[in-house]
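J.: Next comes structure.csv, CSV, C-alpha atoms:
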chain,number,residue,atom,x,y,z
A,99,MET,CA,-5.2,10.0,-3.6
A,100,GLU,CA,-5.1,7.2,-1.0
A,101,ALA,CA,-6.3,4.8,-3.7
A,102,ILE,CA,-3.4,5.8,-6.0
A,103,ILE,CA,-1.0,5.3,-3.2
A,104,LYS,CA,-2.4,1.9,-2.4
A,105,LYS,CA,-2.0,0.9,-6.0
A,106,ARG,CA,1.6,2.1,-6.2
A,107,ILE,CA,2.4,0.3,-3.0
A,108,LYS,CA,1.2,-3.0,-4.4
A,109,GLN,CA,3.5,-2.3,-7.4
A,110,VAL,CA,6.4,-1.5,-5.2
A,111,ILE,CA,5.9,-4.8,-3.3
A,112,LYS,CA,6.3,-6.5,-6.6
A,113,GLY,CA,9.6,-4.7,-6.9
A,114,ASP,CA,8.6,-1.8,-9.2
A,115,GLN,CA,10.9,1.1,-8.5
A,116,ASP,CA,9.2,3.5,-10.9
A,117,ALA,CA,6.1,3.2,-8.8
A,118,PHE,CA,8.2,4.0,-5.7
A,119,GLY,CA,9.5,7.1,-7.6
A,120,GLU,CA,5.9,8.3,-7.8
A,121,ILE,CA,5.5,7.8,-4.1
A,122,ILE,CA,8.7,9.8,-3.4
A,123,GLU,CA,7.4,12.6,-5.6
A,124,ILE,CA,4.2,12.9,-3.6
A,125,TYR,CA,5.8,12.9,-0.2
A,126,LYS,CA,9.3,14.3,-0.7
A,127,ASN,CA,8.5,17.9,0.3
A,128,SER,CA,6.7,17.1,3.5
A,129,VAL,CA,9.3,14.5,4.5
A,130,TYR,CA,12.2,16.8,3.7
A,131,GLN,CA,10.4,19.7,5.5
A,132,LEU,CA,9.9,17.5,8.6
A,133,CYS,CA,13.6,16.5,8.7
A,134,TYR,CA,14.8,20.1,8.1
A,135,ARG,CA,12.6,21.5,10.8
A,136,MET,CA,13.7,18.8,13.2
A,137,LEU,CA,17.4,19.1,12.4
A,138,GLY,CA,17.9,22.6,11.1
A,139,ASN,CA,20.6,21.7,8.6
A,140,ARG,CA,20.0,21.1,4.9
A,141,HIS,CA,22.6,18.3,4.5
A,142,GLU,CA,21.4,16.4,7.4
A,143,ALA,CA,17.8,16.9,6.4
A,144,GLU,CA,18.4,15.6,2.9
A,145,ASP,CA,20.3,12.6,4.3
A,146,MET,CA,17.5,11.7,6.7
A,147,ALA,CA,14.8,12.3,4.2
A,148,GLN,CA,16.6,10.0,1.7
A,149,GLU,CA,17.1,7.4,4.4
A,150,THR,CA,13.4,7.6,5.3
A,151,PHE,CA,12.4,6.6,1.8
A,152,ILE,CA,15.1,3.9,1.5
A,153,ARG,CA,13.9,2.4,4.7
A,154,ALA,CA,10.3,2.6,3.6
A,155,TYR,CA,11.2,0.8,0.4
A,156,VAL,CA,13.2,-1.9,2.0
A,157,ASN,CA,10.5,-2.5,4.7
A,158,ILE,CA,7.5,-1.9,2.5
A,159,LYS,CA,6.2,-5.5,3.1
A,160,SER,CA,5.9,-4.7,6.8
A,161,PHE,CA,3.6,-1.8,6.1
A,162,ASN,CA,0.0,-2.5,7.0
A,163,GLN,CA,-1.9,-1.5,3.9
A,164,ASP,CA,-5.1,-0.8,5.9
A,165,ARG,CA,-3.3,2.1,7.5
A,166,LYS,CA,-2.4,5.5,6.1
A,167,PHE,CA,0.9,5.4,4.3
A,168,SER,CA,1.9,9.0,5.2
A,169,THR,CA,1.6,8.1,8.9
A,170,TRP,CA,4.0,5.2,8.6
A,171,LEU,CA,6.4,7.3,6.5
A,172,PHE,CA,6.4,10.2,9.0
A,173,ARG,CA,7.0,7.8,11.8
A,174,ILE,CA,10.1,6.5,10.1
A,175,ALA,CA,11.3,10.0,9.4
A,176,THR,CA,10.6,11.3,13.0
A,177,ASN,CA,12.4,8.3,14.5
A,178,LEU,CA,15.4,8.8,12.3
A,179,CYS,CA,15.6,12.5,13.1
A,180,ILE,CA,15.2,11.9,16.9
A,181,ASP,CA,18.0,9.2,16.7
A,182,ARG,CA,20.1,11.7,14.8
A,183,ILE,CA,19.6,14.4,17.4
A,184,ARG,CA,20.4,12.1,20.2
A,185,LYS,CA,23.7,10.9,18.9
A,186,LYS,CA,24.6,14.2,17.5
A,187,LYS,CA,28.3,13.9,18.0
A,188,PRO,CA,30.9,15.2,15.7
A,189,ASP,CA,29.4,14.7,12.3
A,190,TYR,CA,30.5,17.7,10.4
A,191,TYR,CA,30.0,18.4,6.8
A,192,LEU,CA,32.9,20.3,5.1
A,193,ASP,CA,30.4,22.5,3.2
A,194,ALA,CA,27.9,22.8,6.0
A,195,GLU,CA,26.3,26.2,6.3
A,196,VAL,CA,27.6,28.4,9.1
A,197,ALA,CA,24.9,29.3,11.5
A,198,GLY,CA,23.2,32.4,10.5
A,199,THR,CA,23.8,32.1,6.7
A,200,GLU,CA,20.7,30.0,6.2
A,201,GLY,CA,18.8,33.1,5.1
A,202,LEU,CA,21.5,34.0,2.6
A,203,THR,CA,21.1,30.7,0.8
A,204,MET,CA,17.4,31.0,0.8
A,205,TYR,CA,17.7,34.5,-0.3
A,206,SER,CA,19.9,33.6,-3.3
A,207,GLN,CA,17.6,30.8,-4.3
A,208,LEU,CA,14.6,33.1,-4.2
A,209,SER,CA,16.2,36.1,-5.8
A,210,SER,CA,17.3,34.4,-9.0
A,211,GLU,CA,14.4,35.9,-10.9
A,212,THR,CA,13.7,39.2,-9.2
A,213,GLN,CA,15.1,41.2,-6.5
A,214,LEU,CA,13.3,40.7,-3.2
A,215,PRO,CA,11.2,43.5,-2.0
A,216,GLU,CA,11.9,44.6,1.6
A,217,LYS,CA,8.8,42.9,2.8
A,218,GLU,CA,9.8,39.5,1.6
A,219,LEU,CA,13.3,39.9,3.0
A,220,GLU,CA,11.7,40.7,6.3
A,221,SER,CA,9.6,37.5,6.1
A,222,LEU,CA,12.8,35.5,5.4
A,223,GLU,CA,14.3,36.9,8.5
A,224,LEU,CA,11.2,36.0,10.4
A,225,GLN,CA,11.3,32.5,9.0
A,226,GLU,CA,14.8,32.1,10.2
A,227,THR,CA,13.9,33.3,13.7
A,228,VAL,CA,11.0,31.0,13.9
A,229,GLN,CA,13.2,28.0,12.7
A,230,LYS,CA,15.7,28.9,15.4
A,231,GLU,CA,13.1,28.9,18.1
A,232,ILE,CA,11.7,25.6,16.9
A,233,LEU,CA,15.2,24.1,17.1
A,234,LYS,CA,15.5,25.4,20.7
A,235,LEU,CA,12.6,23.3,21.8
A,236,PRO,CA,13.4,20.0,23.5
A,237,GLU,CA,13.0,17.3,20.8
A,238,LYS,CA,9.8,15.8,22.2
A,239,TYR,CA,8.0,19.1,22.0
A,240,ARG,CA,9.7,19.9,18.7
A,241,SER,CA,8.4,16.8,16.9
A,242,ALA,CA,4.8,17.3,18.2
A,243,ILE,CA,4.8,21.0,17.2
A,244,ILE,CA,6.2,20.3,13.7
A,245,LEU,CA,3.8,17.6,13.0
A,246,LYS,CA,0.9,19.7,14.2
A,247,TYR,CA,1.6,23.1,12.7
A,248,ILE,CA,4.0,22.5,9.8
A,249,GLU,CA,2.7,19.1,8.6
A,250,ASP,CA,-0.8,20.1,9.6
A,251,LEU,CA,-1.7,16.7,11.0
A,252,SER,CA,-4.5,15.8,13.4
A,253,LEU,CA,-3.8,14.9,17.0
A,254,ASN,CA,-4.8,11.3,16.2
A,255,GLU,CA,-2.3,11.0,13.5
A,256,ILE,CA,0.4,12.6,15.6
A,257,SER,CA,-0.3,10.1,18.4
A,258,GLU,CA,0.1,7.3,15.9
A,259,ILE,CA,3.3,8.7,14.4
A,260,LEU,CA,4.9,9.2,17.8
A,261,ASP,CA,3.4,6.1,19.3
A,262,LEU,CA,2.1,8.0,22.3
A,263,PRO,CA,-1.4,8.4,23.9
A,264,ILE,CA,-3.3,11.4,22.7
A,265,GLY,CA,-3.1,13.0,26.2
A,266,THR,CA,0.7,12.9,26.1
A,267,VAL,CA,0.7,14.5,22.6
A,268,LYS,CA,-1.6,17.3,23.8
A,269,THR,CA,0.6,18.0,26.8
A,270,ARG,CA,3.7,18.2,24.5
A,271,ILE,CA,1.9,20.5,22.1
A,272,HIS,CA,0.8,22.7,25.0
A,273,ARG,CA,4.3,23.0,26.4
A,274,GLY,CA,5.7,23.6,23.0
A,275,ARG,CA,3.2,26.3,22.3
A,276,GLU,CA,4.0,27.9,25.7
A,277,ALA,CA,7.7,27.8,25.0
A,278,LEU,CA,7.3,29.3,21.6
A,279,ARG,CA,5.1,32.1,23.0
A,280,GLN,CA,7.7,33.1,25.4
A,281,GLN,CA,10.4,33.3,22.7
A,282,LEU,CA,8.3,34.8,19.9
A,283,ARG,CA,6.2,37.3,21.8
A,284,TYR,CA,8.4,40.3,21.0
A,285,VAL,CA,9.0,39.4,17.4
B,36,MET,CA,-3.6,36.3,39.3
B,37,CYS,CA,-5.9,34.4,36.9
B,38,PRO,CA,-7.0,30.9,37.6
B,39,GLU,CA,-4.7,28.3,36.0
B,40,HIS,CA,-7.5,26.7,34.3
B,41,ILE,CA,-8.0,29.7,31.9
B,42,ILE,CA,-4.6,28.7,30.3
B,43,GLU,CA,-6.0,25.2,30.0
B,44,LEU,CA,-9.1,26.6,28.2
B,45,MET,CA,-6.8,28.5,25.9
B,46,HIS,CA,-5.1,25.2,24.9
B,47,GLU,CA,-8.3,23.4,24.5
B,48,TYR,CA,-9.5,26.2,22.3
B,49,LEU,CA,-6.3,26.1,20.2
B,50,ASP,CA,-6.6,22.3,19.9
B,51,GLU,CA,-10.2,22.9,18.6
B,52,GLU,CA,-11.5,20.7,21.3
B,53,ILE,CA,-13.3,23.2,23.5
B,54,SER,CA,-16.9,22.8,24.4
B,55,PRO,CA,-19.3,25.7,23.7
B,56,ILE,CA,-19.8,26.4,27.4
B,57,LYS,CA,-16.1,26.5,28.1
B,58,GLU,CA,-15.5,28.7,25.1
B,59,LYS,CA,-18.0,31.2,26.4
B,60,GLU,CA,-16.3,31.2,29.8
B,61,LEU,CA,-12.9,31.8,28.1
B,62,ARG,CA,-14.2,34.6,25.9
B,63,GLU,CA,-15.8,36.4,28.9
B,64,HIS,CA,-12.7,36.1,30.9
B,65,LEU,CA,-10.5,37.4,28.0
B,66,LYS,CA,-12.8,40.5,27.7
B,67,SER,CA,-12.3,41.3,31.4
B,68,CYS,CA,-8.6,40.4,31.8
B,69,LYS,CA,-6.0,42.3,29.8
B,70,GLU,CA,-3.2,40.0,30.9
B,71,CYS,CA,-4.9,36.8,29.7
B,72,GLU,CA,-5.9,38.4,26.5
B,73,THR,CA,-2.2,39.2,25.8
B,74,ILE,CA,-1.1,35.7,26.5
B,75,PHE,CA,-3.9,34.4,24.3
B,76,HIS,CA,-2.9,36.6,21.4
B,77,GLU,CA,0.8,35.7,21.8
B,78,LEU,CA,-0.1,32.1,21.6
B,79,GLU,CA,-2.1,32.6,18.4
B,80,LYS,CA,0.7,34.7,17.0
B,81,SER,CA,3.4,32.1,17.6
B,82,ILE,CA,1.2,29.4,15.9
B,83,ALA,CA,0.7,31.7,12.9
B,84,TYR,CA,4.5,32.2,12.7
B,85,VAL,CA,5.2,28.5,12.9
B,86,LYS,CA,2.6,27.8,10.2
B,87,SER,CA,4.0,30.5,8.0
B,88,ILE,CA,7.3,28.7,7.5
B,89,SER,CA,5.7,25.5,6.2
B,90,ASN,CA,6.6,25.8,2.5
B,91,LEU,CA,10.0,24.2,2.2
B,92,GLN,CA,10.7,22.1,-0.9
B,93,ALA,CA,12.9,19.1,-1.2
B,94,PRO,CA,16.3,19.7,-2.9
B,95,GLU,CA,16.6,19.2,-6.7
B,96,HIS,CA,17.0,15.6,-8.0
B,97,PHE,CA,15.8,14.3,-4.6
B,98,THR,CA,13.8,11.5,-6.2
B,99,ALA,CA,16.5,10.4,-8.6
B,100,ASN,CA,19.1,10.4,-5.7
B,101,VAL,CA,16.9,8.2,-3.6
B,102,LEU,CA,16.1,5.8,-6.5
B,103,ALA,CA,19.8,5.5,-7.3
B,104,ARG,CA,20.4,4.3,-3.7
B,105,LEU,CA,17.7,1.6,-3.7
B,106,PRO,CA,18.7,-2.0,-4.0
B,107,LYS,CA,18.5,-3.3,-7.6
B,108,GLU,CA,15.2,-4.0,-9.2
B,109,LYS,CA,14.0,-7.5,-9.9
B,110,ARG,CA,14.5,-8.7,-13.5
B,111,LYS,CA,10.9,-9.8,-13.8
B,112,VAL,CA,9.6,-6.3,-13.3
B,113,LEU,CA,12.1,-4.9,-15.9
B,114,MET,CA,10.9,-7.4,-18.4
B,115,GLY,CA,7.3,-6.6,-17.6
B,116,ARG,CA,7.8,-2.9,-18.1
B,117,TRP,CA,9.7,-3.4,-21.4
B,118,LEU,CA,6.8,-5.5,-22.7
B,119,LYS,CA,4.3,-2.9,-21.6
B,120,GLN,CA,6.2,-0.1,-23.2
B,121,HIS,CA,6.8,-1.9,-26.5
B,122,PRO,CA,3.8,-4.1,-27.1
B,123,PHE,CA,4.3,-4.2,-30.9
B,124,LEU,CA,7.9,-5.2,-30.7
B,125,ALA,CA,7.1,-7.7,-28.0
B,126,ALA,CA,4.4,-9.3,-30.2
B,127,ALA,CA,6.7,-9.2,-33.3
B,128,SER,CA,9.6,-10.9,-31.5
B,129,LEU,CA,7.4,-13.5,-30.0
B,130,PHE,CA,6.0,-14.2,-33.4
B,131,LEU,CA,9.4,-14.5,-34.9
B,132,VAL,CA,10.6,-16.9,-32.3
B,133,LEU,CA,7.7,-19.2,-32.6
B,134,MET,CA,7.7,-19.0,-36.4
B,135,THR,CA,11.4,-19.8,-36.7
B,136,GLY,CA,11.0,-22.7,-34.3
B,137,SER,CA,8.2,-24.3,-36.1
B,138,VAL,CA,9.6,-23.7,-39.6
B,139,LEU,CA,13.0,-25.0,-38.6
B,140,SER,CA,11.4,-28.2,-37.2
B,141,THR,CA,9.6,-28.8,-40.5
B,142,TRP,CA,12.8,-28.1,-42.4
B,143,ASN,CA,14.5,-30.8,-40.4
B,144,GLN,CA,11.7,-33.3,-40.6
B,145,GLU,CA,11.1,-33.1,-44.2
B,146,ARG,CA,14.2,-34.7,-45.6
B,147,GLU,CA,12.3,-37.1,-47.7
B,148,PHE,CA,11.7,-36.8,-51.4
B,149,SER,CA,8.3,-35.7,-52.3
B,150,VAL,CA,6.6,-34.1,-55.2
B,151,SER,CA,3.3,-32.4,-55.9
B,152,LYS,CA,0.8,-34.7,-57.6
B,153,GLN,CA,0.2,-34.1,-61.2
B,154,GLU,CA,-0.7,-36.9,-63.6
B,155,ASN,CA,1.8,-36.3,-66.3
B,156,LEU,CA,4.9,-35.9,-64.1
B,157,VAL,CA,7.5,-38.6,-64.5
B,158,VAL,CA,9.5,-39.6,-61.4
B,159,LYS,CA,12.8,-41.5,-61.6
B,160,ASN,CA,15.1,-41.9,-58.6
B,161,ASN,CA,14.4,-38.6,-56.9
B,162,THR,CA,14.3,-36.8,-60.3
B,163,VAL,CA,11.1,-35.4,-61.5
B,164,ILE,CA,10.7,-34.8,-65.2
B,165,VAL,CA,8.2,-32.7,-67.0
B,166,PRO,CA,8.3,-34.6,-70.3
B,167,ALA,CA,8.8,-32.8,-73.6
B,168,GLY,CA,5.5,-31.9,-75.3
B,169,GLU,CA,3.5,-32.4,-72.1
B,170,VAL,CA,1.7,-29.6,-70.3
B,171,VAL,CA,1.5,-29.8,-66.5
B,172,LYS,CA,-1.2,-27.7,-65.0
B,173,GLY,CA,-0.9,-26.1,-61.5
B,174,ASP,CA,2.1,-25.4,-59.3
B,175,VAL,CA,4.9,-28.0,-59.1
B,176,ILE,CA,6.7,-28.5,-55.8
B,177,VAL,CA,9.6,-30.8,-55.5
B,178,ARG,CA,11.2,-31.6,-52.1
B,179,ASN,CA,14.7,-33.1,-51.8
B,180,GLY,CA,14.9,-34.0,-55.5
B,181,THR,CA,15.8,-32.7,-58.9
B,182,LEU,CA,13.3,-31.3,-61.4
B,183,LYS,CA,13.9,-31.3,-65.1
B,184,ILE,CA,11.6,-29.3,-67.2
B,185,GLU,CA,11.4,-30.3,-70.9
B,186,GLY,CA,7.8,-29.5,-71.4
B,187,GLU,CA,5.6,-26.8,-70.1
B,188,VAL,CA,4.4,-26.0,-66.6
B,189,GLN,CA,1.4,-23.7,-66.3
B,190,GLY,CA,2.0,-22.4,-62.8
B,191,ASP,CA,4.8,-21.8,-60.3
B,192,VAL,CA,7.8,-24.1,-59.8
B,193,THR,CA,9.3,-24.5,-56.4
B,194,VAL,CA,12.3,-26.8,-55.7
B,195,ILE,CA,13.2,-27.2,-52.1
B,196,ASN,CA,16.6,-28.6,-51.2
B,197,GLY,CA,17.3,-29.7,-54.7
B,198,GLU,CA,17.9,-28.4,-58.2
B,199,GLN,CA,15.9,-27.6,-61.3
B,200,TYR,CA,16.9,-27.7,-64.9
B,201,LEU,CA,14.9,-25.9,-67.4
B,202,ALA,CA,15.6,-27.3,-70.9
B,203,SER,CA,15.7,-24.8,-73.8
B,204,ALA,CA,12.4,-26.1,-75.0
B,205,GLY,CA,10.9,-26.1,-71.6
B,206,HIS,CA,8.5,-23.4,-70.4
B,207,VAL,CA,7.2,-22.3,-67.1
B,208,THR,CA,4.4,-19.7,-67.0
B,209,GLY,CA,4.8,-18.8,-63.3
B,210,ASP,CA,7.8,-18.2,-61.1
B,211,ILE,CA,10.7,-20.5,-60.6
B,212,GLU,CA,12.1,-20.8,-57.1
B,213,GLU,CA,14.9,-22.9,-55.6
B,214,ILE,CA,15.2,-23.1,-51.9
B,215,ASN,CA,18.4,-24.7,-50.5
B,216,GLU,CA,19.2,-22.9,-47.3
B,217,VAL,CA,17.5,-22.7,-44.0
B,218,PHE,CA,17.1,-18.9,-44.4
B,219,ASP,CA,15.6,-19.3,-47.8
B,220,TRP,CA,13.2,-21.8,-46.3
B,221,ILE,CA,12.2,-19.3,-43.6
B,222,TRP,CA,11.9,-16.5,-46.1
B,223,TYR,CA,9.8,-18.8,-48.3
B,224,HIS,CA,7.5,-19.4,-45.3
B,225,ILE,CA,7.2,-15.8,-44.4
B,226,LYS,CA,6.3,-14.9,-48.0
B,227,LYS,CA,3.8,-17.8,-48.1
B,228,THR,CA,2.2,-16.6,-44.8
B,229,ALA,CA,2.0,-13.0,-46.0
B,230,LYS,CA,0.5,-14.1,-49.3
B,231,GLU,CA,-2.1,-16.2,-47.6
B,232,ALA,CA,-2.8,-13.4,-45.3
B,233,THR,CA,-3.3,-10.9,-48.1
B,234,GLU,CA,-5.4,-13.4,-50.0
B,235,LEU,CA,-7.5,-13.9,-46.9
B,236,MET,CA,-7.9,-10.1,-46.5
B,237,GLU,CA,-8.8,-9.7,-50.2
B,238,ARG,CA,-11.3,-12.4,-49.9
B,239,SER,CA,-12.9,-10.9,-46.8
B,240,ASP,CA,-12.8,-7.5,-48.6
B,241,ALA,CA,-14.6,-9.0,-51.6
B,242,LYS,CA,-17.3,-10.2,-49.3
Please go through the file and, once you have read it, give me the structure as structure tokens.

T.:
Amino acid sequence: MEAIIKKRIKQVIKGDQDAFGEIIEIYKNSVYQLCYRMLGNRHEAEDMAQETFIRAYVNIKSFNQDRKFSTWLFRIATNLCIDRIRKKKPDYYLDAEVAGTEGLTMYSQLSSETQLPEKELESLELQETVQKEILKLPEKYRSAIILKYIEDLSLNEISEILDLPIGTVKTRIHRGREALRQQLRYV
Amino acid sequence: MCPEHIIELMHEYLDEEISPIKEKELREHLKSCKECETIFHELEKSIAYVKSISNLQAPEHFTANVLARLPKEKRKVLMGRWLKQHPFLAAASLFLVLMTGSVLSTWNQEREFSVSKQENLVVKNNTVIVPAGEVVKGDVIVRNGTLKIEGEVQGDVTVINGEQYLASAGHVTGDIEEINEVFDWIWYHIKKTAKEATELMERSDAK
């Protein structure tokens, strides 16, 4: 896998956009997921995820090829999302989802084939609750928790992505876990 | 109230960085303390919840949308890809270009009168005559001149950039060909090359 990525990156450096398309295909879900969990809005998440790949493409020459590509990519994405949260001033989308209707859209997407059994509907509600609680976390705990439990990354990788010492990453994950426990204990 | 460091142990455990001795201490404490046990389970539960939502997919056409926003690709890469995808066409067009070039240059160079060497051909001021009653053996090629055939040619006749007259008494056993235009000239070369190629293949087949 890493070997394929390395090869594709070399092609991208030569200017080959098809090779970059393959890289996007490999990472689009995890990058989009990271952005969505950070921002909690599909439009913004797609915007930031697209921006992540565009920045990666434009700056591909500054990527150190001895490092892991995904770490670099997640770093771009995390920084973009944190910037976005910090300057979250009026930036409305006309067709933005109204809070609380997220489940409906997910429901309609999933139910196109079959009707959802009650169990799955419940799990959708649970997902919504969990997402809301993640969004309530201060952004520094939020990014650490998302990278750890949703992207399933090691503490080492997270420390590289966030450019923080491992000890700090651990503290943030601990605090994040504690906050989530408080909120989710009665779910 | 339980010692603060039990909570620390829980986090070490959840980070998968706990030492066996500390893990034992934690387990023993959890067995004896309901309150800590609850906290521990709540922590584990919230992690499981967070993990359970990690299956989101990027929107449709995501890759295409990103690619559409990228700065334009370099021409060199586009050429390279085209060549890779159409190797035969690429080879054929390269061949045509080279071929046309070399053939055209010979067309322009060879403006002088010349004729294939056969003993009984009569040459008069850029006019070649196959005299009546004579038999010329082999192919006759005349460049930039006129050919008059009154006798017999046992072979093909080719007149390049000139004319040939076949008298009623004259006779040619092979094909007669007049080439006066550049395209005829190229066509003639292609046919010649093809003929040579097939002859070559037939010869190697015969072996």

J.: Skipping near chain neighbours, those fewer than 3 positions away, what residues fall within 6 Å of Val129 in chain A using all atoms listed in the file, listed as a list in words?

T.: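 Contacts, in chain order: Lys126, Leu132 and Ala147 of chain A.
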
J.: Residues within 9 Å of Trp170 in chain A, please, as a count of residues only. Count all atoms listed in the file; anything in the same chain fewer than 3 positions from it doesn't count.

T.: 11

J.: Which residues are near range 178-193 of chain B? Cut-off 8 Å, only C-alpha atoms, ignore same chain within fewer than 5 positions. Put them as an MDAnalysis selection string.

T.: chainID B and resid 146:150 161:173 198:214

J.: For Ser257 in chain A, list every protein, DNA or RNA residue within 9 Å, evaluated using all atoms listed in the file, and leave out those in the same chain fewer than 5 positions away; present the list as a VMD selection string.

T.: chain A and resid 242 252 262 to 267

J.: Those selected residues, please, written with C-alpha atoms and delivered as a PDB file, in the coordinates of the input.

T.:
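The new file result17.pdb reads:
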ATOM      1  CA  ALA A 242       4.800  17.300  18.200  1.00  0.00           C
ATOM      2  CA  SER A 252      -4.500  15.800  13.400  1.00  0.00           C
ATOM      3  CA  LEU A 262       2.100   8.000  22.300  1.00  0.00           C
ATOM      4  CA  PRO A 263      -1.400   8.400  23.900  1.00  0.00           C
ATOM      5  CA  ILE A 264      -3.300  11.400  22.700  1.00  0.00           C
ATOM      6  CA  GLY A 265      -3.100  13.000  26.200  1.00  0.00           C
ATOM      7  CA  THR A 266       0.700  12.900  26.100  1.00  0.00           C
ATOM      8  CA  VAL A 267       0.700  14.500  22.600  1.00  0.00           C
TER       9      VAL A 267
END

J.: Could the residues of chain A within 8 Å of chain B, counting only C-alpha atoms, be given as a ChimeraX atom specification, please?

T.: /A:112-115,119,122-123,126-128,130-131,144,148,151-152,155,225,228-229,247-249,272,275-276,278-279,282-283

J.: Just write the chosen residues, C-alpha atoms, as an mmCIF file, in the frame of the given file.

T.:
data_model
loop_
_atom_site.group_PDB
_atom_site.id
_atom_site.type_symbol
_atom_site.label_atom_id
_atom_site.label_comp_id
_atom_site.auth_asym_id
_atom_site.auth_seq_id
_atom_site.Cartn_x
_atom_site.Cartn_y
_atom_site.Cartn_z
ATOM 1 C CA LYS A 112 6.300 -6.500 -6.600
ATOM 2 C CA GLY A 113 9.600 -4.700 -6.900
ATOM 3 C CA ASP A 114 8.600 -1.800 -9.200
ATOM 4 C CA GLN A 115 10.900 1.100 -8.500
ATOM 5 C CA GLY A 119 9.500 7.100 -7.600
ATOM 6 C CA ILE A 122 8.700 9.800 -3.400
ATOM 7 C CA GLU A 123 7.400 12.600 -5.600
ATOM 8 C CA LYS A 126 9.300 14.300 -0.700
ATOM 9 C CA ASN A 127 8.500 17.900 0.300
ATOM 10 C CA SER A 128 6.700 17.100 3.500
ATOM 11 C CA TYR A 130 12.200 16.800 3.700
ATOM 12 C CA GLN A 131 10.400 19.700 5.500
ATOM 13 C CA GLU A 144 18.400 15.600 2.900
ATOM 14 C CA GLN A 148 16.600 10.000 1.700
ATOM 15 C CA PHE A 151 12.400 6.600 1.800
ATOM 16 C CA ILE A 152 15.100 3.900 1.500
ATOM 17 C CA TYR A 155 11.200 0.800 0.400
ATOM 18 C CA GLN A 225 11.300 32.500 9.000
ATOM 19 C CA VAL A 228 11.000 31.000 13.900
ATOM 20 C CA GLN A 229 13.200 28.000 12.700
ATOM 21 C CA TYR A 247 1.600 23.100 12.700
ATOM 22 C CA ILE A 248 4.000 22.500 9.800
ATOM 23 C CA GLU A 249 2.700 19.100 8.600
ATOM 24 C CA HIS A 272 0.800 22.700 25.000
ATOM 25 C CA ARG A 275 3.200 26.300 22.300
ATOM 26 C CA GLU A 276 4.000 27.900 25.700
ATOM 27 C CA LEU A 278 7.300 29.300 21.600
ATOM 28 C CA ARG A 279 5.100 32.100 23.000
ATOM 29 C CA LEU A 282 8.300 34.800 19.900
ATOM 30 C CA ARG A 283 6.200 37.300 21.800
#

J.: Grab the CA of Ala101 in chain A to CA of Leu251 in chain A distance for me, in Å with one decimal place.

T.: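 Result for CA of Ala101 in chain A versus CA of Leu251 in chain A: 19.5 Å, one decimal.
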
J.: Rounded to one decimal, what separation in Å do you get between CA of Lys226 in chain B and CA of Pro122 in chain B?

T.: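 Between these atoms lies a distance of 23.7 Å.
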
J.: Would you work out the distance separating CA of Ala117 in chain A from CA of Asp145 in chain A, expressed in Å to one decimal?

T.: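 So the two atoms, CA of Ala117 in chain A and CA of Asp145 in chain A, lie 21.5 Å apart.
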
J.: Counting only C-alpha atoms, write as a PyMOL selection string all protein and nucleic acid residues lying at most 10 Å from (9.2, 16.8, 19.2) in the file's frame.

T.: chain A and resi 136+176+179-180+232-233+235-245+260+267+270-271+274

J.: Identify which of the residues A:Ile111, A:Val285, A:Leu219, A:Ile256 lies closest to Ser160 in chain A, counting all atoms listed in the file when measuring atom-to-atom distances.

T.: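 Counting all atoms listed in the file, the residue closest to Ser160 in chain A is A:Ile111.
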
J.: Residues within 10 Å of Lys57 in chain B, please, as a list in words. Count all atoms listed in the file; anything in the same chain fewer than 4 positions from it doesn't count.

T.: Ile41, Leu44, Met45, Glu47, Tyr48, Ile53, Leu61, Arg62 and Glu63 of chain B
